[in-house]
$ cat query.pdb   # PDB, C-alpha atoms
ATOM      1  CA  MET I   1     -79.728-229.721  25.350
ATOM      2  CA  ARG I   2     -77.581-227.286  27.346
ATOM      3  CA  SER I   3     -80.429-226.671  29.811
ATOM      4  CA  CYS I   4     -80.866-230.455  30.245
ATOM      5  CA  ILE I   5     -77.163-230.869  30.994
ATOM      6  CA  LEU I   6     -77.205-227.930  33.379
ATOM      7  CA  SER I   7     -80.343-229.254  35.122
ATOM      8  CA  ALA I   8     -78.787-232.697  35.572
ATOM      9  CA  CYS I   9     -75.588-231.070  36.775
ATOM     10  CA  LEU I  10     -77.435-229.043  39.402
ATOM     11  CA  LEU I  11     -79.658-231.954  40.415
ATOM     12  CA  LEU I  12     -76.738-234.335  40.874
ATOM     13  CA  GLY I  13     -74.442-231.718  42.369
ATOM     14  CA  ALA I  14     -71.713-232.729  39.908
ATOM     15  CA  CYS I  15     -70.897-229.519  38.101
ATOM     16  CA  GLY I  16     -67.151-229.834  38.459
ATOM     17  CA  THR I  17     -67.013-227.437  41.377
ATOM     18  CA  ALA I  18     -66.686-229.885  44.244
ATOM     19  CA  SER I  19     -63.645-232.024  44.910
ATOM     20  CA  SER I  20     -63.205-235.255  46.787
ATOM     21  CA  GLN I  21     -59.683-234.085  47.612
ATOM     22  CA  PRO I  22     -59.036-233.151  51.218
ATOM     23  CA  ALA I  23     -58.298-229.513  51.949
ATOM     24  CA  LEU I  24     -54.593-228.780  52.177
ATOM     25  CA  PRO I  25     -53.027-226.544  54.823
ATOM     26  CA  ALA I  26     -52.725-222.898  53.778
ATOM     27  CA  GLY I  27     -49.403-222.174  52.130
ATOM     28  CA  THR I  28     -48.822-225.752  50.965
ATOM     29  CA  LYS I  29     -46.336-225.886  48.090
ATOM     30  CA  VAL I  30     -45.017-228.857  46.159
ATOM     31  CA  ASP I  31     -41.658-229.310  44.461
ATOM     32  CA  ARG I  32     -42.365-231.900  41.762
ATOM     33  CA  LEU I  33     -45.169-233.568  39.833
ATOM     34  CA  LEU I  34     -45.468-237.104  38.517
ATOM     35  CA  VAL I  35     -47.984-238.172  35.886
ATOM     36  CA  ASP I  36     -48.492-241.852  35.132
ATOM     37  CA  LYS I  37     -50.502-242.103  31.917
ATOM     38  CA  SER I  38     -51.188-245.847  32.271
ATOM     39  CA  ASP I  39     -52.641-245.432  35.753
ATOM     40  CA  ARG I  40     -54.241-242.045  34.894
ATOM     41  CA  VAL I  41     -52.845-240.430  38.001
ATOM     42  CA  LEU I  42     -51.131-237.111  38.768
ATOM     43  CA  ILE I  43     -49.224-236.983  42.068
ATOM     44  CA  ALA I  44     -47.809-233.831  43.663
ATOM     45  CA  PHE I  45     -44.840-234.223  46.040
ATOM     46  CA  ALA I  46     -43.049-232.095  48.609
ATOM     47  CA  GLY I  47     -39.698-233.800  49.100
ATOM     48  CA  ASN I  48     -40.456-237.518  49.272
ATOM     49  CA  ARG I  49     -43.925-236.944  50.738
ATOM     50  CA  GLU I  50     -47.000-237.326  48.553
ATOM     51  CA  VAL I  51     -49.134-234.238  49.104
ATOM     52  CA  VAL I  52     -52.080-234.958  46.822
ATOM     53  CA  ARG I  53     -53.095-237.509  44.183
ATOM     54  CA  TYR I  54     -55.580-236.930  41.355
ATOM     55  CA  THR I  55     -57.006-240.033  39.694
ATOM     56  CA  GLY I  56     -58.957-240.511  36.493
ATOM     57  CA  ILE I  57     -57.119-237.694  34.718
ATOM     58  CA  ARG I  58     -57.731-237.203  30.980
ATOM     59  CA  PHE I  59     -55.319-236.849  28.087
ATOM     60  CA  GLY I  60     -55.285-236.212  24.363
ATOM     61  CA  ASP I  61     -57.597-238.176  22.085
ATOM     62  CA  ALA I  62     -54.668-240.520  21.273
ATOM     63  CA  PRO I  63     -53.231-241.109  24.757
ATOM     64  CA  THR I  64     -50.836-243.970  23.987
ATOM     65  CA  GLY I  65     -47.282-242.984  23.102
ATOM     66  CA  HIS I  66     -45.177-239.850  23.304
ATOM     67  CA  LYS I  67     -46.228-236.646  21.568
ATOM     68  CA  GLN I  68     -44.061-236.241  18.468
ATOM     69  CA  PHE I  69     -45.846-233.865  16.126
ATOM     70  CA  GLU I  70     -48.351-231.046  16.114
ATOM     71  CA  GLY I  71     -51.858-232.448  15.745
ATOM     72  CA  ASP I  72     -51.091-236.032  16.838
ATOM     73  CA  GLU I  73     -53.325-235.532  19.912
ATOM     74  CA  ARG I  74     -50.828-237.327  22.147
ATOM     75  CA  THR I  75     -49.684-236.217  25.576
ATOM     76  CA  PRO I  76     -45.886-235.886  25.944
ATOM     77  CA  GLU I  77     -43.813-238.340  27.958
ATOM     78  CA  GLY I  78     -40.551-237.446  29.667
ATOM     79  CA  ARG I  79     -39.118-234.801  31.968
ATOM     80  CA  TYR I  80     -40.319-231.220  31.634
ATOM     81  CA  THR I  81     -41.000-228.242  33.899
ATOM     82  CA  ILE I  82     -44.014-226.137  34.761
ATOM     83  CA  ASN I  83     -42.961-222.943  33.045
ATOM     84  CA  GLY I  84     -45.963-220.665  33.234
ATOM     85  CA  ARG I  85     -49.638-220.280  33.994
ATOM     86  CA  ASN I  86     -52.665-218.749  32.335
ATOM     87  CA  PRO I  87     -55.557-217.628  34.535
ATOM     88  CA  ALA I  88     -57.458-216.415  31.432
ATOM     89  CA  SER I  89     -57.215-219.686  29.511
ATOM     90  CA  ALA I  90     -60.065-221.100  27.399
ATOM     91  CA  TYR I  91     -60.087-223.824  30.055
ATOM     92  CA  HIS I  92     -60.460-223.395  33.796
ATOM     93  CA  LEU I  93     -56.934-222.269  34.703
ATOM     94  CA  SER I  94     -53.877-223.765  33.015
ATOM     95  CA  LEU I  95     -50.321-224.633  33.998
ATOM     96  CA  ARG I  96     -47.906-224.722  31.040
ATOM     97  CA  ILE I  97     -45.667-227.748  30.524
ATOM     98  CA  SER I  98     -42.317-226.972  28.844
ATOM     99  CA  TYR I  99     -42.948-229.298  25.872
ATOM    100  CA  PRO I 100     -41.271-229.349  23.387
ATOM    101  CA  ASN I 101     -37.759-229.726  24.764
ATOM    102  CA  ALA I 102     -34.617-229.751  22.582
ATOM    103  CA  ALA I 103     -34.904-233.483  21.827
ATOM    104  CA  ASP I 104     -38.580-233.123  20.860
ATOM    105  CA  ARG I 105     -37.758-230.244  18.497
ATOM    106  CA  ALA I 106     -34.826-232.119  16.931
ATOM    107  CA  TYR I 107     -36.906-235.262  16.357
ATOM    108  CA  ALA I 108     -39.692-233.342  14.629
ATOM    109  CA  LYS I 109     -37.286-231.167  12.622
ATOM    110  CA  ALA I 110     -35.427-234.241  11.316
ATOM    111  CA  ARG I 111     -38.761-235.400   9.899
ATOM    112  CA  GLY I 112     -39.758-232.033   8.480
ATOM    113  CA  ARG I 113     -42.594-231.593  10.979
ATOM    114  CA  SER I 114     -43.548-229.289  13.827
ATOM    115  CA  PRO I 115     -43.409-230.776  17.338
ATOM    116  CA  GLY I 116     -46.440-228.743  18.372
ATOM    117  CA  GLY I 117     -46.646-227.002  21.704
ATOM    118  CA  ASP I 118     -49.061-225.305  24.090
ATOM    119  CA  ILE I 119     -49.275-228.338  26.355
ATOM    120  CA  PHE I 120     -50.921-227.588  29.693
ATOM    121  CA  ILE I 121     -52.483-229.104  32.765
ATOM    122  CA  HIS I 122     -55.930-227.514  32.857
ATOM    123  CA  GLY I 123     -59.543-227.839  33.930
ATOM    124  CA  GLN I 124     -62.684-228.128  31.858
ATOM    125  CA  PRO I 125     -63.599-225.829  28.956
ATOM    126  CA  ASN I 126     -64.910-222.533  30.312
ATOM    127  CA  ALA I 127     -68.203-222.884  28.414
ATOM    128  CA  TRP I 128     -68.763-226.460  29.659
ATOM    129  CA  PRO I 129     -71.622-226.493  32.198
ATOM    130  CA  GLY I 130     -71.425-230.151  33.179
ATOM    131  CA  PRO I 131     -69.277-232.390  35.333
ATOM    132  CA  ALA I 132     -65.695-233.217  34.326
ATOM    133  CA  ILE I 133     -65.607-234.779  30.857
ATOM    134  CA  ALA I 134     -65.224-238.519  31.419
ATOM    135  CA  HIS I 135     -63.124-239.487  28.386
ATOM    136  CA  ASP I 136     -59.887-238.395  26.718
ATOM    137  CA  TRP I 137     -60.697-235.165  24.919
ATOM    138  CA  THR I 138     -57.764-232.736  24.804
ATOM    139  CA  ASP I 139     -55.328-232.129  21.954
ATOM    140  CA  GLY I 140     -52.477-233.458  24.130
ATOM    141  CA  CYS I 141     -52.953-231.653  27.424
ATOM    142  CA  ILE I 142     -53.690-233.153  30.839
ATOM    143  CA  ALA I 143     -57.223-232.404  32.033
ATOM    144  CA  LEU I 144     -58.503-232.345  35.611
ATOM    145  CA  SER I 145     -61.782-231.292  37.162
ATOM    146  CA  ASN I 146     -62.081-227.570  37.850
ATOM    147  CA  ALA I 147     -61.783-228.130  41.604
ATOM    148  CA  GLU I 148     -58.642-230.236  41.113
ATOM    149  CA  ILE I 149     -56.885-227.697  38.849
ATOM    150  CA  LYS I 150     -57.742-224.925  41.320
ATOM    151  CA  GLN I 151     -56.110-226.889  44.136
ATOM    152  CA  LEU I 152     -53.094-227.741  41.963
ATOM    153  CA  TRP I 153     -52.818-224.123  40.754
ATOM    154  CA  ASP I 154     -52.524-222.988  44.374
ATOM    155  CA  ILE I 155     -49.751-225.433  45.366
ATOM    156  CA  VAL I 156     -47.571-225.573  42.226
ATOM    157  CA  PRO I 157     -44.916-222.885  41.818
ATOM    158  CA  ASP I 158     -43.507-222.159  38.364
ATOM    159  CA  GLY I 159     -40.263-223.928  37.565
ATOM    160  CA  ILE I 160     -40.879-227.264  39.272
ATOM    161  CA  PRO I 161     -40.176-230.490  37.386
ATOM    162  CA  ILE I 162     -42.906-232.703  35.994
ATOM    163  CA  THR I 163     -42.242-236.280  34.895
ATOM    164  CA  ILE I 164     -44.787-237.851  32.570
ATOM    165  CA  ARG I 165     -44.494-241.639  32.391
ATOM    166  CA  PRO I 166     -46.117-243.921  29.820
TER     167      PRO I 166
END
$ encode --input "query.pdb" --output "C-alpha cells"
Amino acid sequence: MRSCILSACLLLGACGTASSQPALPAGTKVDRLLVDKSDRVLIAFAGNREVVRYTGIRFGDAPTGHKQFEGDERTPEGRYTINGRNPASAYHLSLRISYPNAADRAYAKARGRSPGGDIFIHGQPNAWPGPAIAHDWTDGCIALSNAEIKQLWDIVPDGIPITIRP
C-alpha cells in the first residue's frame, strides 16, 4: 500500500513538497496571524498588509466549537500567541500555540477536567509519504502542507499574536 501511495505521489508530483504560494522576499516577517475555522484559512499579516494566505487548512477531528478539554479533538478559538517551535516534531515542523490560557484552565478546572495542551500549527506526519491529508485529522492542531508550514516557519517570529475565529 505504501509503495502505491508513494508511486502515485511521485507520478502526480503531489508529495506535499511543492507550494502554490508565491515566494516571499528574503527576510519577510509577520506580526500577527488570523485563523478563520469556518473559511479554513490562515492569514499572516505585517501591519495591516496581508502577506500570505493559506486555504484548505485542516483541524482536529471535531472542528466545530472551542477546545475545552483534553481529548475533545477540537481546535481552540480565541486570542493566543505563538510561544515556541519544534523543528524535531513528529510532524513536519511545528509552531506552538499558547493554549490553554488562564480562562481555558479555569473552565476545565471548574469541571474537574484537563484543558489539554500541545496545540500547534504543523505540517504532515513525518512518516506520511503522500500529499497533504485532505480531511480534518489532528487532535486539535492546525495542519498545513509541508511547503506551507516551511514558509510560515520562516516568517513567524515567536511571541506574535494569533487569533482563531469560529
$ resolve_selection --input "query.pdb" --expression "the PyMOL selection byres ((chain I and resi 100-116) around 12)" --output "VMD selection string"
chain I and resid 66 to 81 83 96 to 99 117 to 120 139 to 141
$ write_last_selection --input "query.pdb" --atoms "C-alpha atoms" --output "mmCIF file, in the frame of the given file"
data_model
loop_
_atom_site.group_PDB
_atom_site.id
_atom_site.type_symbol
_atom_site.label_atom_id
_atom_site.label_comp_id
_atom_site.auth_asym_id
_atom_site.auth_seq_id
_atom_site.Cartn_x
_atom_site.Cartn_y
_atom_site.Cartn_z
ATOM 1 C CA HIS I 66 -45.177 -239.850 23.304
ATOM 2 C CA LYS I 67 -46.228 -236.646 21.568
ATOM 3 C CA GLN I 68 -44.061 -236.241 18.468
ATOM 4 C CA PHE I 69 -45.846 -233.865 16.126
ATOM 5 C CA GLU I 70 -48.351 -231.046 16.114
ATOM 6 C CA GLY I 71 -51.858 -232.448 15.745
ATOM 7 C CA ASP I 72 -51.091 -236.032 16.838
ATOM 8 C CA GLU I 73 -53.325 -235.532 19.912
ATOM 9 C CA ARG I 74 -50.828 -237.327 22.147
ATOM 10 C CA THR I 75 -49.684 -236.217 25.576
ATOM 11 C CA PRO I 76 -45.886 -235.886 25.944
ATOM 12 C CA GLU I 77 -43.813 -238.340 27.958
ATOM 13 C CA GLY I 78 -40.551 -237.446 29.667
ATOM 14 C CA ARG I 79 -39.118 -234.801 31.968
ATOM 15 C CA TYR I 80 -40.319 -231.220 31.634
ATOM 16 C CA THR I 81 -41.000 -228.242 33.899
ATOM 17 C CA ASN I 83 -42.961 -222.943 33.045
ATOM 18 C CA ARG I 96 -47.906 -224.722 31.040
ATOM 19 C CA ILE I 97 -45.667 -227.748 30.524
ATOM 20 C CA SER I 98 -42.317 -226.972 28.844
ATOM 21 C CA TYR I 99 -42.948 -229.298 25.872
ATOM 22 C CA GLY I 117 -46.646 -227.002 21.704
ATOM 23 C CA ASP I 118 -49.061 -225.305 24.090
ATOM 24 C CA ILE I 119 -49.275 -228.338 26.355
ATOM 25 C CA PHE I 120 -50.921 -227.588 29.693
ATOM 26 C CA ASP I 139 -55.328 -232.129 21.954
ATOM 27 C CA GLY I 140 -52.477 -233.458 24.130
ATOM 28 C CA CYS I 141 -52.953 -231.653 27.424
#
$ atom_distance --input "query.pdb" --atom1 "atom CA of Asn86 of chain I" --atom2 "atom CA of Leu152 of chain I"
13.2 Å
$ closest_residue --input "query.pdb" --among "I:Leu95, I:Val35, I:Val41, I:Ala62" --to "Ile155 of chain I" --atoms "all atoms listed in the file"
I:Leu95
$ resolve_selection --input "query.pdb" --expression "the PyMOL selection byres ((chain I and resi 94) around 8)" --output "MDAnalysis selection string"
chainID I and resid 85:87 89 91:93 95:96 120:123 149 153
$ atom_distance --input "query.pdb" --atom1 "atom CA of Asp31 of chain I" --atom2 "atom CA of Pro166 of chain I"
21.2 Å
$ closest_residue --input "query.pdb" --among "I:Arg53, I:Lys37, I:Ile82, I:Ala147" --to "Gly65 of chain I" --atoms "all atoms listed in the file"
I:Lys37
$ resolve_selection --input "query.pdb" --expression "the PyMOL selection byres ((chain I and resi 48-51) around 12)" --output "ChimeraX atom specification"
/I:21-25,28-34,42-47,52-54,151-152,155-156
$ atom_distance --input "query.pdb" --atom1 "atom CA of Glu148 of chain I" --atom2 "atom CA of Thr64 of chain I"
23.3 Å
$ residues_around --input "query.pdb" --residues "Thr138 of chain I" --least-positions-apart "4" --cutoff "7 Å" --atoms "all atoms listed in the file" --output "PyMOL selection string"
chain I and resi 59-61
$ closest_residue --input "query.pdb" --among "I:Gln124, I:Arg165, I:Arg40, I:Ala90" --to "Leu144 of chain I" --atoms "only C-alpha atoms"
I:Gln124
$ closest_residue --input "query.pdb" --among "I:Asp154, I:Pro63, I:Arg58, I:Gly159" --to "Ala132 of chain I" --atoms "all atoms listed in the file"
I:Arg58
$ build_atoms --input "query.pdb" --residues "segment 75-103 of chain I" --atoms "N, CA and C atoms" --output "PDB file, in the coordinates of the input"
ATOM      1  N   THR I  75     -50.223-236.946  24.435  1.00  0.00           N
ATOM      2  CA  THR I  75     -49.684-236.217  25.576  1.00  0.00           C
ATOM      3  C   THR I  75     -48.207-236.580  25.700  1.00  0.00           C
ATOM      4  N   PRO I  76     -47.325-235.591  25.870  1.00  0.00           N
ATOM      5  CA  PRO I  76     -45.886-235.886  25.944  1.00  0.00           C
ATOM      6  C   PRO I  76     -45.546-236.864  27.065  1.00  0.00           C
ATOM      7  N   GLU I  77     -44.390-237.500  26.915  1.00  0.00           N
ATOM      8  CA  GLU I  77     -43.813-238.340  27.958  1.00  0.00           C
ATOM      9  C   GLU I  77     -42.377-237.891  28.145  1.00  0.00           C
ATOM     10  N   GLY I  78     -41.920-237.853  29.376  1.00  0.00           N
ATOM     11  CA  GLY I  78     -40.551-237.446  29.667  1.00  0.00           C
ATOM     12  C   GLY I  78     -40.496-236.455  30.806  1.00  0.00           C
ATOM     13  N   ARG I  79     -39.347-235.780  30.899  1.00  0.00           N
ATOM     14  CA  ARG I  79     -39.118-234.801  31.968  1.00  0.00           C
ATOM     15  C   ARG I  79     -39.246-233.393  31.403  1.00  0.00           C
ATOM     16  N   TYR I  80     -40.081-232.599  32.040  1.00  0.00           N
ATOM     17  CA  TYR I  80     -40.319-231.220  31.634  1.00  0.00           C
ATOM     18  C   TYR I  80     -40.394-230.360  32.893  1.00  0.00           C
ATOM     19  N   THR I  81     -40.766-229.114  32.743  1.00  0.00           N
ATOM     20  CA  THR I  81     -41.000-228.242  33.899  1.00  0.00           C
ATOM     21  C   THR I  81     -42.334-227.529  33.714  1.00  0.00           C
ATOM     22  N   ILE I  82     -42.853-227.031  34.818  1.00  0.00           N
ATOM     23  CA  ILE I  82     -44.014-226.137  34.761  1.00  0.00           C
ATOM     24  C   ILE I  82     -43.424-224.752  34.545  1.00  0.00           C
ATOM     25  N   ASN I  83     -43.654-224.196  33.376  1.00  0.00           N
ATOM     26  CA  ASN I  83     -42.961-222.943  33.045  1.00  0.00           C
ATOM     27  C   ASN I  83     -43.894-221.771  32.776  1.00  0.00           C
ATOM     28  N   GLY I  84     -45.058-221.802  33.356  1.00  0.00           N
ATOM     29  CA  GLY I  84     -45.963-220.665  33.234  1.00  0.00           C
ATOM     30  C   GLY I  84     -47.379-221.059  33.594  1.00  0.00           C
ATOM     31  N   ARG I  85     -48.233-220.048  33.651  1.00  0.00           N
ATOM     32  CA  ARG I  85     -49.638-220.280  33.994  1.00  0.00           C
ATOM     33  C   ARG I  85     -50.502-219.259  33.284  1.00  0.00           C
ATOM     34  N   ASN I  86     -51.744-219.640  33.027  1.00  0.00           N
ATOM     35  CA  ASN I  86     -52.665-218.749  32.335  1.00  0.00           C
ATOM     36  C   ASN I  86     -54.011-218.741  33.060  1.00  0.00           C
ATOM     37  N   PRO I  87     -54.280-217.694  33.838  1.00  0.00           N
ATOM     38  CA  PRO I  87     -55.557-217.628  34.535  1.00  0.00           C
ATOM     39  C   PRO I  87     -56.717-217.286  33.599  1.00  0.00           C
ATOM     40  N   ALA I  88     -56.419-216.806  32.392  1.00  0.00           N
ATOM     41  CA  ALA I  88     -57.458-216.415  31.432  1.00  0.00           C
ATOM     42  C   ALA I  88     -57.537-217.396  30.268  1.00  0.00           C
ATOM     43  N   SER I  89     -57.195-218.632  30.509  1.00  0.00           N
ATOM     44  CA  SER I  89     -57.215-219.686  29.511  1.00  0.00           C
ATOM     45  C   SER I  89     -58.640-219.963  29.029  1.00  0.00           C
ATOM     46  N   ALA I  90     -58.758-220.647  27.896  1.00  0.00           N
ATOM     47  CA  ALA I  90     -60.065-221.100  27.399  1.00  0.00           C
ATOM     48  C   ALA I  90     -60.592-222.256  28.250  1.00  0.00           C
ATOM     49  N   TYR I  91     -59.734-222.753  29.125  1.00  0.00           N
ATOM     50  CA  TYR I  91     -60.087-223.824  30.055  1.00  0.00           C
ATOM     51  C   TYR I  91     -59.916-223.275  31.458  1.00  0.00           C
ATOM     52  N   HIS I  92     -60.550-223.914  32.437  1.00  0.00           N
ATOM     53  CA  HIS I  92     -60.460-223.395  33.796  1.00  0.00           C
ATOM     54  C   HIS I  92     -59.016-223.502  34.294  1.00  0.00           C
ATOM     55  N   LEU I  93     -58.334-222.378  34.295  1.00  0.00           N
ATOM     56  CA  LEU I  93     -56.934-222.269  34.703  1.00  0.00           C
ATOM     57  C   LEU I  93     -56.045-223.195  33.863  1.00  0.00           C
ATOM     58  N   SER I  94     -54.785-222.866  33.734  1.00  0.00           N
ATOM     59  CA  SER I  94     -53.877-223.765  33.015  1.00  0.00           C
ATOM     60  C   SER I  94     -52.442-223.521  33.440  1.00  0.00           C
ATOM     61  N   LEU I  95     -51.744-224.635  33.655  1.00  0.00           N
ATOM     62  CA  LEU I  95     -50.321-224.633  33.998  1.00  0.00           C
ATOM     63  C   LEU I  95     -49.561-225.160  32.786  1.00  0.00           C
ATOM     64  N   ARG I  96     -48.642-224.349  32.257  1.00  0.00           N
ATOM     65  CA  ARG I  96     -47.906-224.722  31.040  1.00  0.00           C
ATOM     66  C   ARG I  96     -46.810-225.741  31.346  1.00  0.00           C
ATOM     67  N   ILE I  97     -46.735-226.749  30.486  1.00  0.00           N
ATOM     68  CA  ILE I  97     -45.667-227.748  30.524  1.00  0.00           C
ATOM     69  C   ILE I  97     -44.658-227.370  29.444  1.00  0.00           C
ATOM     70  N   SER I  98     -43.373-227.493  29.731  1.00  0.00           N
ATOM     71  CA  SER I  98     -42.317-226.972  28.844  1.00  0.00           C
ATOM     72  C   SER I  98     -42.083-227.786  27.565  1.00  0.00           C
ATOM     73  N   TYR I  99     -43.038-228.606  27.159  1.00  0.00           N
ATOM     74  CA  TYR I  99     -42.948-229.298  25.872  1.00  0.00           C
ATOM     75  C   TYR I  99     -43.088-228.272  24.749  1.00  0.00           C
ATOM     76  N   PRO I 100     -42.290-228.348  23.705  1.00  0.00           N
ATOM     77  CA  PRO I 100     -41.271-229.349  23.387  1.00  0.00           C
ATOM     78  C   PRO I 100     -39.906-228.966  23.967  1.00  0.00           C
ATOM     79  N   ASN I 101     -39.137-229.979  24.344  1.00  0.00           N
ATOM     80  CA  ASN I 101     -37.759-229.726  24.764  1.00  0.00           C
ATOM     81  C   ASN I 101     -36.850-229.848  23.533  1.00  0.00           C
ATOM     82  N   ALA I 102     -35.556-229.726  23.718  1.00  0.00           N
ATOM     83  CA  ALA I 102     -34.617-229.751  22.582  1.00  0.00           C
ATOM     84  C   ALA I 102     -34.703-231.065  21.807  1.00  0.00           C
ATOM     85  N   ALA I 103     -34.822-232.184  22.508  1.00  0.00           N
ATOM     86  CA  ALA I 103     -34.904-233.483  21.827  1.00  0.00           C
ATOM     87  C   ALA I 103     -36.200-233.599  21.032  1.00  0.00           C
TER      88      ALA I 103
END
